[in-house]
Amino acid sequence: MTKVKICGIQRVEVLQSMVHLPIDWIGFVFAKSRRQVTAEQAAKLISDYRSCAKASHTQAALTVGVYVNPTFDEVEQGVRISGLDVVQLHGQESAAFCRTIKDKLNVQVFKAFPAPIHDKDSPAFIFADYIGIVDGVLLDTVLPNAEGGTGLTFDWTVLPDYISYANEHELPLLVAGGLNQDNVGHLIEDYQPFGVDVSSGVESDGQKDFEKIKKFVERVKQA
C-alpha cells in the first residue's frame with residue numbers, strides 16, 4: 001500500500017488531529033520557506049505529537065526534517081534538539097554528505113531530486129551514486145530559484161522508468177509536486193509509487209486543513 005508523507009507542519013492542533021490517520025511520515029521544514037520552523041519549535045511539536053499518539057494507543061508517524069544544502073552542523077543541531085527520525089535533503093547534497101549524515105547522526109536519509117527534465121536524466125544518472133546510502137528518494141517539481149514546494153505537478157509519464165529502477169535497487173521512491181485529493185488517486189493507480197508527499201495540496205489559505213489531509217489520506221489508501 002502506498003505510504004503517505006504530510007510535510008510542512010507548523011501547528012500542534014494539526015498534529016493532534018492527524019494522530020488517528022494512517023500517515024507514515026510527518027515533515028517539518030527547516031529550510032527557508034513560509035513553512036519554516038526552528039529546531040526548538042519542531043521539538044515541541046514532535047514531543048506533543050508523540051505524547052498524543054501514546055495516549056491514544058496509536059503508532060506515531062516517523063518525523064522528517066527537510067533541509068536544503070545545509071552544513072553538517074546545522075543538521076546535527078536539528079536532529080539533536082528535535083529528535084528527528086529522518087533527514088530529507090532537498091538541495092545538491094552529495095552521496096558522501098548523505099552517508100555522513102546517516103552514519104554520524106543515526107537517522108534515515110531521504111534525498112530529493114528535481115523531476116527529470118533533460119534527456120540525460122536517466123534513473124541511473126540521477127540515483128546510482130546514492131544506492132546503498134540513502135533510505136529513500138523523492139522526485140519533486142522544481143522551478144528556478146525554488147527547491148520544491150511549488151504546488152505544481154511534473155510530467156508523470158517519465159515515472160515508470162524511475163520507479164522500475166528504484167524497485168530493482170530496493171530504493172523507496174516518493175513522488176511530490178502538486179498532489180492533492182483530486183489527482184493523487186490517478187497517480188497511484190497509474191504508476192504505483194512507493195509513497196507520496198504532499199504539502200500545499202492539503203492547505204487552505206496557507207494553513208494545513210485537517211479535512212483536506214483526511215480526504216487526501218483516504219484517497220491514497222483507497223487507491
# chains A, B, ... in the order shown; residues from 1 in each chain; ligands from 1

call {"tool": "closest_atom_pairs", "arguments": {"of": "stretch 80-164 of chain A", "to": "stretch 39-44 of chain A", "cutoff": "9 Å", "atoms": "only C-alpha atoms", "output": "JSON lines"}}
result
{"residue": "A:Arg80", "atom": "CA", "partner": "A:Ala39", "partner_atom": "CA", "distance": 8.7}
{"residue": "A:Ile81", "atom": "CA", "partner": "A:Ala39", "partner_atom": "CA", "distance": 6.0}
{"residue": "A:Ser82", "atom": "CA", "partner": "A:Ala43", "partner_atom": "CA", "distance": 3.9}
{"residue": "A:Gly83", "atom": "CA", "partner": "A:Ala43", "partner_atom": "CA", "distance": 6.8}
{"residue": "A:Leu84", "atom": "CA", "partner": "A:Ala43", "partner_atom": "CA", "distance": 8.5}

call {"tool": "write_last_selection", "arguments": {"atoms": "N, CA, C and O atoms", "output": "short mmCIF file (atom, residue, chain, number, x, y, z; two decimals), in the first residue's frame"}}
result
data_model
loop_
_atom_site.label_atom_id
_atom_site.label_comp_id
_atom_site.auth_asym_id
_atom_site.auth_seq_id
_atom_site.Cartn_x
_atom_site.Cartn_y
_atom_site.Cartn_z
N ARG A 80 19.60 16.73 17.00
CA ARG A 80 19.83 16.64 18.45
C ARG A 80 18.71 17.32 19.23
O ARG A 80 18.22 16.78 20.23
N ILE A 81 18.28 18.48 18.79
CA ILE A 81 17.27 19.23 19.53
C ILE A 81 15.87 18.65 19.35
O ILE A 81 15.11 18.52 20.32
N SER A 82 15.53 18.28 18.13
CA SER A 82 14.14 17.90 17.85
C SER A 82 13.90 16.40 17.85
O SER A 82 12.75 15.96 17.89
N GLY A 83 14.95 15.58 17.78
CA GLY A 83 14.76 14.14 17.81
C GLY A 83 14.16 13.57 16.54
O GLY A 83 13.30 12.69 16.58
N LEU A 84 14.61 14.05 15.40
CA LEU A 84 14.10 13.59 14.11
C LEU A 84 14.44 12.12 13.86
O LEU A 84 15.46 11.61 14.30
#

call {"tool": "residues_around", "arguments": {"residues": "A:Thr71", "least_positions_apart": "4", "cutoff": "10 Å", "atoms": "only C-alpha atoms", "output": "PyMOL selection string"}}
result
chain A and resi 67+75-76+93+97

call {"tool": "write_last_selection", "arguments": {"atoms": "N, CA, C and O atoms", "output": "short mmCIF file (atom, residue, chain, number, x, y, z; two decimals), in the first residue's frame"}}
result
data_model
loop_
_atom_site.label_atom_id
_atom_site.label_comp_id
_atom_site.auth_asym_id
_atom_site.auth_seq_id
_atom_site.Cartn_x
_atom_site.Cartn_y
_atom_site.Cartn_z
N TYR A 67 15.78 19.85 4.73
CA TYR A 67 16.87 20.81 4.63
C TYR A 67 17.24 21.03 3.16
O TYR A 67 17.05 20.14 2.33
N VAL A 75 22.43 20.34 10.47
CA VAL A 75 21.61 19.13 10.57
C VAL A 75 21.80 18.47 11.94
O VAL A 75 20.84 18.04 12.58
N GLU A 76 23.04 18.42 12.41
CA GLU A 76 23.32 17.80 13.71
C GLU A 76 22.54 18.50 14.81
O GLU A 76 21.95 17.84 15.68
N GLU A 93 23.02 18.08 -2.36
CA GLU A 93 23.89 17.35 -1.44
C GLU A 93 24.46 16.10 -2.10
O GLU A 93 23.75 15.37 -2.80
N PHE A 97 27.95 13.27 1.51
CA PHE A 97 27.33 14.05 2.59
C PHE A 97 26.16 13.26 3.19
O PHE A 97 25.98 13.23 4.42
#

call {"tool": "select_by_dssp", "arguments": {"residues": "stretch 96-138 of chain A", "states": "strand (DSSP E)", "output": "count of residues only"}}
result
10

call {"tool": "residues_around", "arguments": {"residues": "A:Val87", "least_positions_apart": "5", "cutoff": "9 Å", "atoms": "only C-alpha atoms", "output": "PyMOL selection string"}}
result
chain A and resi 63-67+75+79+101-102+107-111

call {"tool": "write_last_selection", "arguments": {"atoms": "N, CA, C and O atoms", "output": "mmCIF file, in the first residue's frame"}}
result
data_model
loop_
_atom_site.group_PDB
_atom_site.id
_atom_site.type_symbol
_atom_site.label_atom_id
_atom_site.label_comp_id
_atom_site.auth_asym_id
_atom_site.auth_seq_id
_atom_site.Cartn_x
_atom_site.Cartn_y
_atom_site.Cartn_z
ATOM 1 N N THR A 63 9.183 11.148 11.999
ATOM 2 C CA THR A 63 9.333 12.594 11.817
ATOM 3 C C THR A 63 10.493 12.888 10.874
ATOM 4 O O THR A 63 11.554 12.283 10.965
ATOM 5 N N VAL A 64 10.264 13.834 9.973
ATOM 6 C CA VAL A 64 11.225 14.155 8.920
ATOM 7 C C VAL A 64 11.576 15.644 8.978
ATOM 8 O O VAL A 64 10.689 16.496 9.043
ATOM 9 N N GLY A 65 12.864 15.945 8.938
ATOM 10 C CA GLY A 65 13.309 17.329 8.855
ATOM 11 C C GLY A 65 13.823 17.615 7.459
ATOM 12 O O GLY A 65 14.685 16.890 6.943
ATOM 13 N N VAL A 66 13.281 18.651 6.819
ATOM 14 C CA VAL A 66 13.632 18.974 5.437
ATOM 15 C C VAL A 66 14.664 20.105 5.411
ATOM 16 O O VAL A 66 14.428 21.180 5.968
ATOM 17 N N TYR A 67 15.780 19.849 4.733
ATOM 18 C CA TYR A 67 16.873 20.809 4.629
ATOM 19 C C TYR A 67 17.236 21.028 3.161
ATOM 20 O O TYR A 67 17.053 20.138 2.333
ATOM 21 N N VAL A 75 22.430 20.336 10.473
ATOM 22 C CA VAL A 75 21.614 19.127 10.571
ATOM 23 C C VAL A 75 21.802 18.468 11.937
ATOM 24 O O VAL A 75 20.839 18.036 12.576
ATOM 25 N N VAL A 79 18.746 17.624 14.493
ATOM 26 C CA VAL A 79 18.452 16.256 14.931
ATOM 27 C C VAL A 79 18.561 16.146 16.446
ATOM 28 O O VAL A 79 17.713 15.552 17.112
ATOM 29 N N ILE A 101 25.727 12.087 7.162
ATOM 30 C CA ILE A 101 24.549 12.367 7.982
ATOM 31 C C ILE A 101 23.985 11.068 8.556
ATOM 32 O O ILE A 101 23.686 10.970 9.752
ATOM 33 N N LYS A 102 23.849 10.075 7.707
ATOM 34 C CA LYS A 102 23.256 8.808 8.119
ATOM 35 C C LYS A 102 24.100 8.106 9.177
ATOM 36 O O LYS A 102 23.586 7.646 10.206
ATOM 37 N N VAL A 107 20.304 8.472 11.755
ATOM 38 C CA VAL A 107 18.975 8.750 11.232
ATOM 39 C C VAL A 107 18.858 8.141 9.836
ATOM 40 O O VAL A 107 19.860 7.820 9.199
ATOM 41 N N GLN A 108 17.634 7.995 9.372
ATOM 42 C CA GLN A 108 17.424 7.665 7.972
ATOM 43 C C GLN A 108 17.630 8.931 7.144
ATOM 44 O O GLN A 108 17.456 10.048 7.646
ATOM 45 N N VAL A 109 17.969 8.751 5.880
ATOM 46 C CA VAL A 109 18.176 9.883 4.981
ATOM 47 C C VAL A 109 17.374 9.684 3.707
ATOM 48 O O VAL A 109 17.458 8.634 3.064
ATOM 49 N N PHE A 110 16.574 10.690 3.375
ATOM 50 C CA PHE A 110 15.897 10.758 2.080
ATOM 51 C C PHE A 110 16.599 11.816 1.245
ATOM 52 O O PHE A 110 16.947 12.877 1.757
ATOM 53 N N LYS A 111 16.784 11.542 -0.035
ATOM 54 C CA LYS A 111 17.378 12.525 -0.938
ATOM 55 C C LYS A 111 16.365 12.895 -2.004
ATOM 56 O O LYS A 111 15.840 12.029 -2.708
#

call {"tool": "residues_around", "arguments": {"residues": "A:Trp25", "least_positions_apart": "4", "cutoff": "6 Å", "atoms": "only C-alpha atoms", "output": "list of chain:residue names"}}
result
A:Lys5, A:Ala61, A:Leu62, A:Thr63

call {"tool": "closest_residue", "arguments": {"among": "A:Leu45, A:Val29, A:Ile163, A:Val37", "to": "A:Glu13", "atoms": "only C-alpha atoms"}}
result
A:Leu45

call {"tool": "residues_around", "arguments": {"residues": "A:Gly201", "least_positions_apart": "2", "cutoff": "12 Å", "atoms": "only C-alpha atoms", "output": "JSON list (two decimals) with N, CA and C atoms, in the first residue's frame"}}
result
[["chain", "number", "residue", "atom", "x", "y", "z"],
["A", 5, "LYS", "N", 3.33, 10.90, 3.20],
["A", 5, "LYS", "CA", 4.07, 11.90, 3.97],
["A", 5, "LYS", "C", 3.32, 13.23, 3.86],
["A", 6, "ILE", "N", 3.03, 13.82, 5.02],
["A", 6, "ILE", "CA", 2.43, 15.15, 5.09],
["A", 6, "ILE", "C", 3.52, 16.10, 5.55],
["A", 7, "CYS", "N", 3.85, 17.08, 4.74],
["A", 7, "CYS", "CA", 5.01, 17.93, 5.01],
["A", 7, "CYS", "C", 4.60, 19.37, 5.30],
["A", 8, "GLY", "N", 5.47, 20.06, 6.03],
["A", 8, "GLY", "CA", 5.26, 21.47, 6.29],
["A", 8, "GLY", "C", 4.36, 21.74, 7.48],
["A", 149, "GLY", "N", 8.23, 22.56, -3.22],
["A", 149, "GLY", "CA", 7.15, 23.35, -2.63],
["A", 149, "GLY", "C", 6.46, 24.25, -3.63],
["A", 150, "THR", "N", 6.48, 23.86, -4.91],
["A", 150, "THR", "CA", 5.92, 24.72, -5.96],
["A", 150, "THR", "C", 4.41, 24.58, -6.08],
["A", 151, "GLY", "N", 3.86, 23.46, -5.63],
["A", 151, "GLY", "CA", 2.43, 23.21, -5.81],
["A", 151, "GLY", "C", 2.07, 22.80, -7.22],
["A", 152, "LEU", "N", 3.08, 22.46, -8.02],
["A", 152, "LEU", "CA", 2.86, 22.08, -9.42],
["A", 152, "LEU", "C", 3.29, 20.64, -9.66],
["A", 153, "THR", "N", 2.56, 19.94, -10.51],
["A", 153, "THR", "CA", 2.95, 18.58, -10.89],
["A", 153, "THR", "C", 4.00, 18.64, -12.00],
["A", 176, "ALA", "N", 6.36, 13.82, -5.26],
["A", 176, "ALA", "CA", 5.83, 15.05, -4.70],
["A", 176, "ALA", "C", 5.52, 16.00, -5.86],
["A", 177, "GLY", "N", 5.01, 17.17, -5.51],
["A", 177, "GLY", "CA", 4.79, 18.19, -6.53],
["A", 177, "GLY", "C", 3.35, 18.27, -6.99],
["A", 178, "GLY", "N", 2.59, 19.19, -6.43],
["A", 178, "GLY", "CA", 1.25, 19.46, -6.92],
["A", 178, "GLY", "C", 0.21, 18.41, -6.61],
["A", 179, "LEU", "N", 0.48, 17.52, -5.67],
["A", 179, "LEU", "CA", -0.50, 16.48, -5.35],
["A", 179, "LEU", "C", -1.63, 17.04, -4.49],
["A", 180, "ASN", "N", -2.82, 16.47, -4.69],
["A", 180, "ASN", "CA", -3.98, 16.84, -3.88],
["A", 180, "ASN", "C", -4.97, 15.68, -3.91],
["A", 181, "GLN", "N", -6.08, 15.84, -3.22],
["A", 181, "GLN", "CA", -7.06, 14.75, -3.13],
["A", 181, "GLN", "C", -7.68, 14.40, -4.48],
["A", 182, "ASP", "N", -7.63, 15.30, -5.43],
["A", 182, "ASP", "CA", -8.26, 15.06, -6.73],
["A", 182, "ASP", "C", -7.37, 14.30, -7.70],
["A", 183, "ASN", "N", -6.03, 14.43, -7.54],
["A", 183, "ASN", "CA", -5.17, 13.79, -8.54],
["A", 183, "ASN", "C", -4.32, 12.65, -8.00],
["A", 184, "VAL", "N", -4.21, 12.52, -6.67],
["A", 184, "VAL", "CA", -3.31, 11.51, -6.13],
["A", 184, "VAL", "C", -3.77, 10.09, -6.45],
["A", 196, "VAL", "N", 3.90, 8.94, -1.43],
["A", 196, "VAL", "CA", 3.56, 10.27, -1.94],
["A", 196, "VAL", "C", 3.79, 11.29, -0.83],
["A", 197, "ASP", "N", 4.14, 12.50, -1.25],
["A", 197, "ASP", "CA", 4.49, 13.57, -0.33],
["A", 197, "ASP", "C", 3.67, 14.81, -0.70],
["A", 198, "VAL", "N", 2.95, 15.36, 0.27],
["A", 198, "VAL", "CA", 2.07, 16.49, -0.02],
["A", 198, "VAL", "C", 2.28, 17.59, 1.01],
["A", 199, "SER", "N", 2.14, 18.83, 0.57],
["A", 199, "SER", "CA", 2.19, 19.97, 1.48],
["A", 199, "SER", "C", 1.10, 20.96, 1.11],
["A", 203, "GLU", "N", -3.68, 22.32, 2.06],
["A", 203, "GLU", "CA", -3.76, 23.59, 2.76],
["A", 203, "GLU", "C", -4.94, 24.42, 2.28],
["A", 204, "SER", "N", -5.43, 25.28, 3.15],
["A", 204, "SER", "CA", -6.41, 26.31, 2.81],
["A", 204, "SER", "C", -5.89, 27.63, 3.36],
["A", 205, "ASP", "N", -5.77, 28.61, 2.50],
["A", 205, "ASP", "CA", -5.25, 29.92, 2.89],
["A", 205, "ASP", "C", -3.89, 29.81, 3.56],
["A", 206, "GLY", "N", -3.05, 28.91, 3.04],
["A", 206, "GLY", "CA", -1.69, 28.80, 3.53],
["A", 206, "GLY", "C", -1.52, 28.02, 4.81],
["A", 207, "GLN", "N", -2.59, 27.42, 5.32],
["A", 207, "GLN", "CA", -2.53, 26.65, 6.56],
["A", 207, "GLN", "C", -3.02, 25.22, 6.31],
["A", 208, "LYS", "N", -2.40, 24.28, 7.01],
["A", 208, "LYS", "CA", -2.83, 22.89, 6.88],
["A", 208, "LYS", "C", -4.30, 22.76, 7.27],
["A", 209, "ASP", "N", -5.06, 22.04, 6.44],
["A", 209, "ASP", "CA", -6.50, 21.87, 6.59],
["A", 209, "ASP", "C", -6.76, 20.39, 6.90],
["A", 210, "PHE", "N", -7.24, 20.10, 8.10],
["A", 210, "PHE", "CA", -7.40, 18.70, 8.51],
["A", 210, "PHE", "C", -8.34, 17.94, 7.57],
["A", 211, "GLU", "N", -9.42, 18.56, 7.13],
["A", 211, "GLU", "CA", -10.35, 17.86, 6.25],
["A", 211, "GLU", "C", -9.69, 17.49, 4.93],
["A", 212, "LYS", "N", -8.84, 18.38, 4.43],
["A", 212, "LYS", "CA", -8.11, 18.06, 3.19],
["A", 212, "LYS", "C", -7.09, 16.95, 3.43],
["A", 213, "ILE", "N", -6.43, 17.00, 4.58],
["A", 213, "ILE", "CA", -5.48, 15.94, 4.92],
["A", 213, "ILE", "C", -6.20, 14.60, 4.99],
["A", 214, "LYS", "N", -7.33, 14.58, 5.67],
["A", 214, "LYS", "CA", -8.10, 13.35, 5.82],
["A", 214, "LYS", "C", -8.54, 12.80, 4.47],
["A", 215, "LYS", "N", -9.06, 13.66, 3.61],
["A", 215, "LYS", "CA", -9.52, 13.21, 2.30],
["A", 215, "LYS", "C", -8.35, 12.73, 1.44],
["A", 216, "PHE", "N", -7.20, 13.42, 1.55],
["A", 216, "PHE", "CA", -6.02, 13.01, 0.79],
["A", 216, "PHE", "C", -5.60, 11.60, 1.22],
["A", 217, "VAL", "N", -5.49, 11.39, 2.52],
["A", 217, "VAL", "CA", -5.06, 10.09, 3.03],
["A", 217, "VAL", "C", -6.06, 9.00, 2.63]]

call {"tool": "atom_distance", "arguments": {"atom1": "atom CA of A:Leu89", "atom2": "atom CA of A:Gln16"}}
result
26.2 Å

call {"tool": "residues_around", "arguments": {"residues": "A:Val175", "least_positions_apart": "5", "cutoff": "12 Å", "atoms": "only C-alpha atoms", "output": "ChimeraX atom specification"}}
result
/A:2-5,111-115,136-141,148,152-156,158-160,162-163,180,184,187-188,191-199

call {"tool": "decode", "arguments": {"residues": "stretch 163-180 of chain A", "atoms": "N, CA and C atoms", "output": "compact mmCIF listing (two decimals), in the first residue's frame"}}
result
# COMPACT_ATOMS: atom_id res chain seq x y z
N ILE A 163 10.59 4.46 -11.37
CA ILE A 163 10.05 3.55 -10.36
C ILE A 163 10.60 2.15 -10.56
N SER A 164 10.70 1.72 -11.80
CA SER A 164 11.25 0.40 -12.10
C SER A 164 12.70 0.30 -11.62
N TYR A 165 13.50 1.32 -11.91
CA TYR A 165 14.90 1.32 -11.49
C TYR A 165 15.00 1.33 -9.97
N ALA A 166 14.19 2.15 -9.32
CA ALA A 166 14.21 2.23 -7.86
C ALA A 166 13.81 0.90 -7.24
N ASN A 167 12.76 0.28 -7.77
CA ASN A 167 12.33 -1.01 -7.24
C ASN A 167 13.40 -2.07 -7.42
N GLU A 168 14.05 -2.05 -8.58
CA GLU A 168 15.11 -3.03 -8.87
C GLU A 168 16.24 -2.93 -7.85
N HIS A 169 16.50 -1.71 -7.38
CA HIS A 169 17.60 -1.50 -6.44
C HIS A 169 17.10 -1.32 -5.00
N GLU A 170 15.86 -1.73 -4.76
CA GLU A 170 15.25 -1.67 -3.42
C GLU A 170 15.40 -0.28 -2.80
N LEU A 171 15.06 0.70 -3.62
CA LEU A 171 15.18 2.10 -3.23
C LEU A 171 13.79 2.72 -3.22
N PRO A 172 13.18 2.91 -2.05
CA PRO A 172 11.84 3.50 -1.99
C PRO A 172 11.79 4.86 -2.69
N LEU A 173 10.80 5.05 -3.56
CA LEU A 173 10.66 6.29 -4.31
C LEU A 173 9.34 6.95 -3.97
N LEU A 174 9.42 8.22 -3.57
CA LEU A 174 8.23 9.02 -3.28
C LEU A 174 8.07 10.07 -4.37
N VAL A 175 6.82 10.39 -4.66
CA VAL A 175 6.50 11.42 -5.64
C VAL A 175 5.88 12.61 -4.93
N ALA A 176 6.36 13.82 -5.26
CA ALA A 176 5.83 15.05 -4.70
C ALA A 176 5.52 16.00 -5.86
N GLY A 177 5.01 17.17 -5.51
CA GLY A 177 4.79 18.19 -6.53
C GLY A 177 3.35 18.27 -6.99
N GLY A 178 2.59 19.19 -6.43
CA GLY A 178 1.25 19.46 -6.92
C GLY A 178 0.21 18.41 -6.61
N LEU A 179 0.48 17.52 -5.67
CA LEU A 179 -0.50 16.48 -5.35
C LEU A 179 -1.63 17.04 -4.49
N ASN A 180 -2.82 16.47 -4.69
CA ASN A 180 -3.98 16.84 -3.88
C ASN A 180 -4.97 15.68 -3.91
